[in-house]
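For reference, coords_18.csv is printed below; it contains CSV, C-alpha atoms.
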chain,number,residue,atom,x,y,z
X,1,MET,CA,27.3,252.0,351.8
X,2,LYS,CA,30.0,251.0,354.3
X,3,ARG,CA,30.1,248.0,356.6
X,4,LEU,CA,31.7,249.0,359.9
X,5,PHE,CA,32.7,247.6,363.2
X,6,VAL,CA,34.8,248.7,366.2
X,7,ALA,CA,37.5,246.4,367.5
X,8,ILE,CA,40.6,246.1,369.6
X,9,LYS,CA,43.9,245.1,368.1
X,10,PHE,CA,46.8,243.7,370.3
X,11,ASN,CA,50.5,244.3,370.8
X,12,GLU,CA,51.2,240.5,370.9
X,13,GLU,CA,50.3,239.8,367.3
X,14,GLU,CA,53.1,237.2,366.9
X,15,GLN,CA,52.1,235.4,370.1
X,16,LEU,CA,48.4,235.4,369.1
X,17,ALA,CA,49.4,234.0,365.7
X,18,LEU,CA,51.3,231.3,367.4
X,19,LEU,CA,48.3,230.3,369.5
X,20,CYS,CA,46.2,230.2,366.4
X,21,ASN,CA,48.7,228.0,364.7
X,22,GLN,CA,48.7,225.6,367.7
X,23,SER,CA,44.9,225.4,367.3
X,24,LYS,CA,45.4,224.6,363.6
X,25,GLN,CA,47.7,221.7,364.5
X,26,LEU,CA,45.1,220.3,366.8
X,27,PHE,CA,42.3,220.4,364.3
X,28,ARG,CA,44.3,219.6,361.1
X,29,LYS,CA,43.3,216.0,360.7
X,30,HIS,CA,39.5,215.8,360.5
X,31,THR,CA,37.6,219.0,361.1
X,32,LYS,CA,37.4,221.7,358.4
X,33,ILE,CA,37.8,225.2,359.8
X,34,LYS,CA,38.1,228.5,358.0
X,35,TRP,CA,41.0,230.1,359.9
X,36,VAL,CA,41.1,233.9,360.5
X,37,GLU,CA,44.2,235.4,358.8
X,38,GLU,CA,46.8,236.6,361.2
X,39,GLN,CA,46.4,240.3,360.2
X,40,ASN,CA,42.7,240.0,360.9
X,41,LEU,CA,42.9,238.8,364.5
X,42,HIS,CA,40.9,241.3,366.7
X,43,LEU,CA,38.4,241.6,369.5
X,44,THR,CA,35.1,243.0,368.2
X,45,LEU,CA,33.5,245.5,370.6
X,46,PHE,CA,30.6,246.7,368.4
X,47,PHE,CA,29.4,245.5,365.0
X,48,ILE,CA,27.8,248.5,363.4
X,49,GLY,CA,26.8,246.9,360.1
X,50,GLU,CA,26.0,248.7,356.8
X,51,VAL,CA,25.5,252.5,356.9
X,52,GLU,CA,25.3,255.2,354.3
X,53,ASN,CA,28.6,256.9,353.5
X,54,GLU,CA,27.5,260.2,355.1
X,55,THR,CA,26.6,258.4,358.3
X,56,ALA,CA,30.0,256.5,358.2
X,57,LEU,CA,31.8,259.9,358.1
X,58,LYS,CA,29.8,261.1,361.1
X,59,ILE,CA,30.5,257.9,363.0
X,60,GLN,CA,34.2,258.4,362.2
X,61,ASN,CA,34.2,261.9,363.6
X,62,GLU,CA,32.3,261.0,366.7
X,63,PHE,CA,34.5,257.9,367.3
X,64,GLU,CA,37.7,259.9,367.0
X,65,GLN,CA,36.5,262.6,369.4
X,66,ARG,CA,34.9,260.3,372.0
X,67,PHE,CA,37.8,257.9,372.2
X,68,LYS,CA,40.9,260.0,371.5
X,69,TYR,CA,42.1,259.8,375.2
X,70,ILE,CA,41.8,256.0,375.6
X,71,LYS,CA,44.2,254.5,378.1
X,72,PRO,CA,46.5,251.5,377.8
X,73,VAL,CA,45.0,248.3,379.2
X,74,SER,CA,45.7,244.6,379.4
X,75,LEU,CA,43.1,241.9,379.1
X,76,GLU,CA,43.3,238.7,381.1
X,77,TYR,CA,43.2,235.4,379.3
X,78,ASP,CA,40.2,233.3,380.5
X,79,GLY,CA,40.6,230.1,378.6
X,80,ASN,CA,39.5,228.8,375.2
X,81,PHE,CA,36.0,229.0,373.9
X,82,ILE,CA,33.7,227.3,371.5
X,83,PHE,CA,30.5,229.0,370.3
X,84,TYR,CA,27.8,226.5,369.6
X,85,HIS,CA,24.6,226.7,367.6
X,86,LYS,CA,22.1,224.0,368.3
X,87,HIS,CA,24.8,222.0,370.0
X,88,ILE,CA,27.1,222.1,367.0
X,89,PRO,CA,30.5,223.9,367.3
X,90,LYS,CA,30.6,227.0,365.0
X,91,VAL,CA,33.4,229.2,366.2
X,92,ILE,CA,36.6,228.6,368.2
X,93,GLY,CA,39.1,231.0,369.9
X,94,ILE,CA,40.1,232.4,373.2
X,95,ARG,CA,38.2,234.5,375.7
X,96,PHE,CA,39.2,237.2,378.0
X,97,LYS,CA,37.8,238.2,381.5
X,98,SER,CA,35.6,241.2,381.3
X,99,ASN,CA,36.8,244.2,383.2
X,100,GLU,CA,35.8,247.8,384.1
X,101,TYR,CA,37.6,249.2,381.1
X,102,LEU,CA,35.9,246.8,378.6
X,103,THR,CA,32.5,247.6,380.2
X,104,PHE,CA,33.2,251.3,379.9
X,105,LEU,CA,34.2,251.0,376.2
X,106,LYS,CA,31.1,248.9,375.4
X,107,GLN,CA,28.8,251.4,377.2
X,108,GLU,CA,30.4,254.4,375.4
X,109,LEU,CA,30.0,252.7,372.1
X,110,ASN,CA,26.3,251.8,372.9
X,111,ASP,CA,25.7,255.5,373.8
X,112,MET,CA,27.5,256.8,370.8
X,113,MET,CA,25.6,254.5,368.4
X,114,LYS,CA,22.2,255.5,369.7
X,115,LYS,CA,22.9,258.9,368.2
X,116,PHE,CA,22.9,257.2,364.8
X,117,LYS,CA,19.9,255.0,365.6
X,118,ILE,CA,22.2,251.9,365.7
X,119,HIS,CA,21.2,249.5,368.5
X,120,GLU,CA,23.5,247.2,370.5
X,121,GLU,CA,23.4,243.5,369.8
X,122,GLU,CA,20.8,241.4,371.7
X,123,ARG,CA,23.3,238.7,372.9
X,124,ASN,CA,25.5,239.2,375.9
X,125,PHE,CA,29.0,240.5,375.2
X,126,ILE,CA,31.7,237.9,375.7
X,127,PRO,CA,35.2,239.3,375.1
X,128,HIS,CA,36.9,236.9,372.8
X,129,LEU,CA,39.3,236.5,369.9
X,130,THR,CA,38.1,234.3,367.1
X,131,PHE,CA,40.6,231.9,365.6
X,132,GLY,CA,38.3,230.1,363.2
X,133,ARG,CA,34.8,229.2,361.9
X,134,VAL,CA,33.9,225.6,361.9
X,135,LYS,CA,32.8,224.3,358.5
X,136,GLN,CA,32.7,220.6,358.9
X,137,ILE,CA,33.1,218.3,361.9
X,138,ALA,CA,34.6,214.8,361.8
X,139,SER,CA,35.0,214.2,365.5
X,140,MET,CA,33.9,216.0,368.7
X,141,ASN,CA,37.0,214.7,370.5
X,142,GLU,CA,39.1,217.5,369.0
X,143,PHE,CA,36.7,220.1,370.5
X,144,ASP,CA,36.9,218.4,373.9
X,145,THR,CA,40.7,218.5,373.7
X,146,TYR,CA,40.7,222.2,372.6
X,147,ILE,CA,38.4,223.5,375.3
X,148,ASN,CA,40.7,221.9,378.0
X,149,LEU,CA,43.9,223.1,376.4
X,150,GLN,CA,45.6,225.9,378.4
X,151,PHE,CA,47.7,228.3,376.3
X,152,PRO,CA,50.8,229.7,378.0
X,153,ILE,CA,49.5,233.3,378.3
X,154,THR,CA,48.1,235.4,381.0
X,155,PHE,CA,47.6,239.0,379.8
X,156,ILE,CA,47.3,240.6,376.3
X,157,THR,CA,47.9,244.3,375.9
X,158,VAL,CA,45.6,246.4,373.9
X,159,SER,CA,47.5,248.1,371.1
X,160,VAL,CA,44.8,250.0,369.1
X,161,LEU,CA,41.2,250.8,369.3
X,162,CYS,CA,40.1,250.8,365.7
X,163,LEU,CA,37.1,251.7,363.6
X,164,PHE,CA,37.2,249.2,360.6
X,165,GLU,CA,35.4,249.0,357.3
X,166,SER,CA,34.8,245.4,356.4
X,167,THR,CA,34.6,244.4,352.7
X,168,LEU,CA,33.3,240.9,352.1
X,169,ASN,CA,35.0,239.0,349.2
X,170,PRO,CA,34.7,235.4,348.1
X,171,SER,CA,38.3,234.8,349.4
X,172,GLY,CA,37.4,236.3,352.8
X,173,PRO,CA,36.9,239.6,354.5
X,174,VAL,CA,39.2,242.6,354.0
X,175,TYR,CA,39.4,244.9,357.1
X,176,THR,CA,40.4,248.5,356.4
X,177,PRO,CA,41.2,250.6,359.4
X,178,LEU,CA,39.4,254.0,359.1
X,179,ILE,CA,40.6,255.3,362.4
X,180,GLU,CA,43.2,253.8,364.7
X,181,LEU,CA,43.6,255.2,368.2
X,182,ASN,CA,46.8,254.2,370.0
X,183,PRO,CA,46.6,254.4,373.8
X,184,ASP,CA,50.4,255.0,374.0
X,185,SER,CA,50.3,258.2,372.0
X,186,ASN,CA,47.5,260.1,373.5
X,187,HIS,CA,48.1,260.8,377.2

The structure given in the file should be rewritten as structure tokens.
Amino acid sequence: MKRLFVAIKFNEEEQLALLCNQSKQLFRKHTKIKWVEEQNLHLTLFFIGEVENETALKIQNEFEQRFKYIKPVSLEYDGNFIFYHKHIPKVIGIRFKSNEYLTFLKQELNDMMKKFKIHEEERNFIPHLTFGRVKQIASMNEFDTYINLQFPITFITVSVLCLFESTLNPSGPVYTPLIELNPDSNH
């Protein structure tokens, strides 16, 4: 069995790591957050979940064929976000404005996964980059400050469209790229 997902990686890894570190500084005093490791920062487009090894190979082949001619694109920063569950902050990060290209990628992935009887997620797609998962809250003031904080970025450039295998370990997830498609090298 393999646990798979499709995600976007970015050219501005150092800049994103800096933004994540600025977020860490804001929350360092009271709230406990499990921060995403810098090399794991990505925008998930489709979480596939666990599939048999044979199905994983078929997905890899279909993915490579369907997306081998992806084009370079930039995503526009649309502020910070906090995902809540029952009014309790659970995830923090930054969000991006949806655009035609993201909509196209999502639809292509949905269509592709139907071939493998994998259904799209029920919830609406919000393009975002997770910085951390909230474990314990000491003060809601930090979250109010975070949501109003403006990071000094406008656009982020897509570096790679990637099919990942995710291995869950007690120390955190390990993401192994199975296929990386670079928009700069295929047109």

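Atom CA of Glu37 of chain X lies 12.5 Å from atom CA of Leu19 of chain X.
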
inquiry  = Considering all atoms listed in the file, can you say which of X:Leu105, X:Val134, X:Ala7, X:Leu16 comes closest to Ile156 of chain X?
reply    =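 Ranked by minimum distance to Ile156 of chain X, first place goes to X:Leu16.
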
task = Tell me which protein, DNA and RNA residues are within 8 Å of segment 92-99 of chain X, counting all atoms listed in the file, leaving out same-chain ones fewer than 3 positions away, and put them as a PyMOL selection string.
result = chain X and resi 20+75-83+89+102-103+126-134

Atoms to include: C-alpha atoms. Write the selected residues as a PDB file, in the coordinates of the input.
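Below is the file result-v4.pdb, written as the result:
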ATOM      1  CA  CYS X  20      46.200 230.200 366.400  1.00  0.00           C
ATOM      2  CA  LEU X  75      43.100 241.900 379.100  1.00  0.00           C
ATOM      3  CA  GLU X  76      43.300 238.700 381.100  1.00  0.00           C
ATOM      4  CA  TYR X  77      43.200 235.400 379.300  1.00  0.00           C
ATOM      5  CA  ASP X  78      40.200 233.300 380.500  1.00  0.00           C
ATOM      6  CA  GLY X  79      40.600 230.100 378.600  1.00  0.00           C
ATOM      7  CA  ASN X  80      39.500 228.800 375.200  1.00  0.00           C
ATOM      8  CA  PHE X  81      36.000 229.000 373.900  1.00  0.00           C
ATOM      9  CA  ILE X  82      33.700 227.300 371.500  1.00  0.00           C
ATOM     10  CA  PHE X  83      30.500 229.000 370.300  1.00  0.00           C
ATOM     11  CA  PRO X  89      30.500 223.900 367.300  1.00  0.00           C
ATOM     12  CA  LEU X 102      35.900 246.800 378.600  1.00  0.00           C
ATOM     13  CA  THR X 103      32.500 247.600 380.200  1.00  0.00           C
ATOM     14  CA  ILE X 126      31.700 237.900 375.700  1.00  0.00           C
ATOM     15  CA  PRO X 127      35.200 239.300 375.100  1.00  0.00           C
ATOM     16  CA  HIS X 128      36.900 236.900 372.800  1.00  0.00           C
ATOM     17  CA  LEU X 129      39.300 236.500 369.900  1.00  0.00           C
ATOM     18  CA  THR X 130      38.100 234.300 367.100  1.00  0.00           C
ATOM     19  CA  PHE X 131      40.600 231.900 365.600  1.00  0.00           C
ATOM     20  CA  GLY X 132      38.300 230.100 363.200  1.00  0.00           C
ATOM     21  CA  ARG X 133      34.800 229.200 361.900  1.00  0.00           C
ATOM     22  CA  VAL X 134      33.900 225.600 361.900  1.00  0.00           C
TER      23      VAL X 134
END

Name the residues within 10 Å of (43.6, 224.0, 366.9), counting only C-alpha atoms in the file's coordinates, and put them as a PDB file with C-alpha atoms, in the frame of the given file.
ATOM      1  CA  LEU X  19      48.300 230.300 369.500  1.00  0.00           C
ATOM      2  CA  CYS X  20      46.200 230.200 366.400  1.00  0.00           C
ATOM      3  CA  ASN X  21      48.700 228.000 364.700  1.00  0.00           C
ATOM      4  CA  GLN X  22      48.700 225.600 367.700  1.00  0.00           C
ATOM      5  CA  SER X  23      44.900 225.400 367.300  1.00  0.00           C
ATOM      6  CA  LYS X  24      45.400 224.600 363.600  1.00  0.00           C
ATOM      7  CA  GLN X  25      47.700 221.700 364.500  1.00  0.00           C
ATOM      8  CA  LEU X  26      45.100 220.300 366.800  1.00  0.00           C
ATOM      9  CA  PHE X  27      42.300 220.400 364.300  1.00  0.00           C
ATOM     10  CA  ARG X  28      44.300 219.600 361.100  1.00  0.00           C
ATOM     11  CA  THR X  31      37.600 219.000 361.100  1.00  0.00           C
ATOM     12  CA  ILE X  33      37.800 225.200 359.800  1.00  0.00           C
ATOM     13  CA  TRP X  35      41.000 230.100 359.900  1.00  0.00           C
ATOM     14  CA  ILE X  92      36.600 228.600 368.200  1.00  0.00           C
ATOM     15  CA  GLY X  93      39.100 231.000 369.900  1.00  0.00           C
ATOM     16  CA  PHE X 131      40.600 231.900 365.600  1.00  0.00           C
ATOM     17  CA  GLY X 132      38.300 230.100 363.200  1.00  0.00           C
ATOM     18  CA  GLU X 142      39.100 217.500 369.000  1.00  0.00           C
ATOM     19  CA  PHE X 143      36.700 220.100 370.500  1.00  0.00           C
ATOM     20  CA  THR X 145      40.700 218.500 373.700  1.00  0.00           C
ATOM     21  CA  TYR X 146      40.700 222.200 372.600  1.00  0.00           C
ATOM     22  CA  ILE X 147      38.400 223.500 375.300  1.00  0.00           C
ATOM     23  CA  LEU X 149      43.900 223.100 376.400  1.00  0.00           C
TER      24      LEU X 149
END

ask   = Mind pulling up the distance from atom CA of Glu54 of chain X to atom CA of Tyr69 of chain X?
value = 24.8 Å

query = Which one of X:Asn11, X:His30, X:Phe47, X:Thr157 sits closest to Asn110 of chain X if you count all atoms listed in the file?
reply =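 Of X:Asn11, X:His30, X:Phe47, X:Thr157, the one nearest Asn110 of chain X, counting all atoms listed in the file, is X:Phe47.
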
query = Rounded to one decimal in Å, what is the spacing between atom CA of Ile118 of chain X and atom CA of Ile179 of chain X?
reply =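 If I compute the distance from atom CA of Ile118 of chain X to atom CA of Ile179 of chain X, I get 19.0 Å.
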
ask   = Counting only C-alpha atoms, which of X:Asn148, X:Ser166, X:Asn61, X:Ser159 gets nearest to Gly49 of chain X?
value =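 For Gly49 of chain X, the nearest of the candidates is X:Ser166.
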
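Using only C-alpha atoms, the nearest neighbour of Lys2 of chain X within the list X:Ile137, X:Met112, X:Ala56, X:Leu161 is X:Ala56.
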
remark   = The residue from X:Glu180, X:Ser139, X:Glu165, X:Glu12 with the smallest atom-to-atom distance to Ser74 of chain X, counting all atoms listed in the file, is X:Glu12

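The nearest approach to Lys117 of chain X among the residues X:Pro152, X:Ile59, X:Val73, X:Glu38, with all atoms listed in the file taken into account, belongs to X:Ile59.
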
task = Could you give me, as a list in words, the residues within 10 Å of Lys106 of chain X, counting only C-alpha atoms and dropping anything in the same chain fewer than 2 positions from it?
result =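 My list of contacting residues is Val6, Leu45, Phe46, Glu100, Tyr101, Leu102, Thr103, Phe104, Glu108, Leu109, Asn110, Asp111, Met112, Glu120 and Phe125 of chain X.
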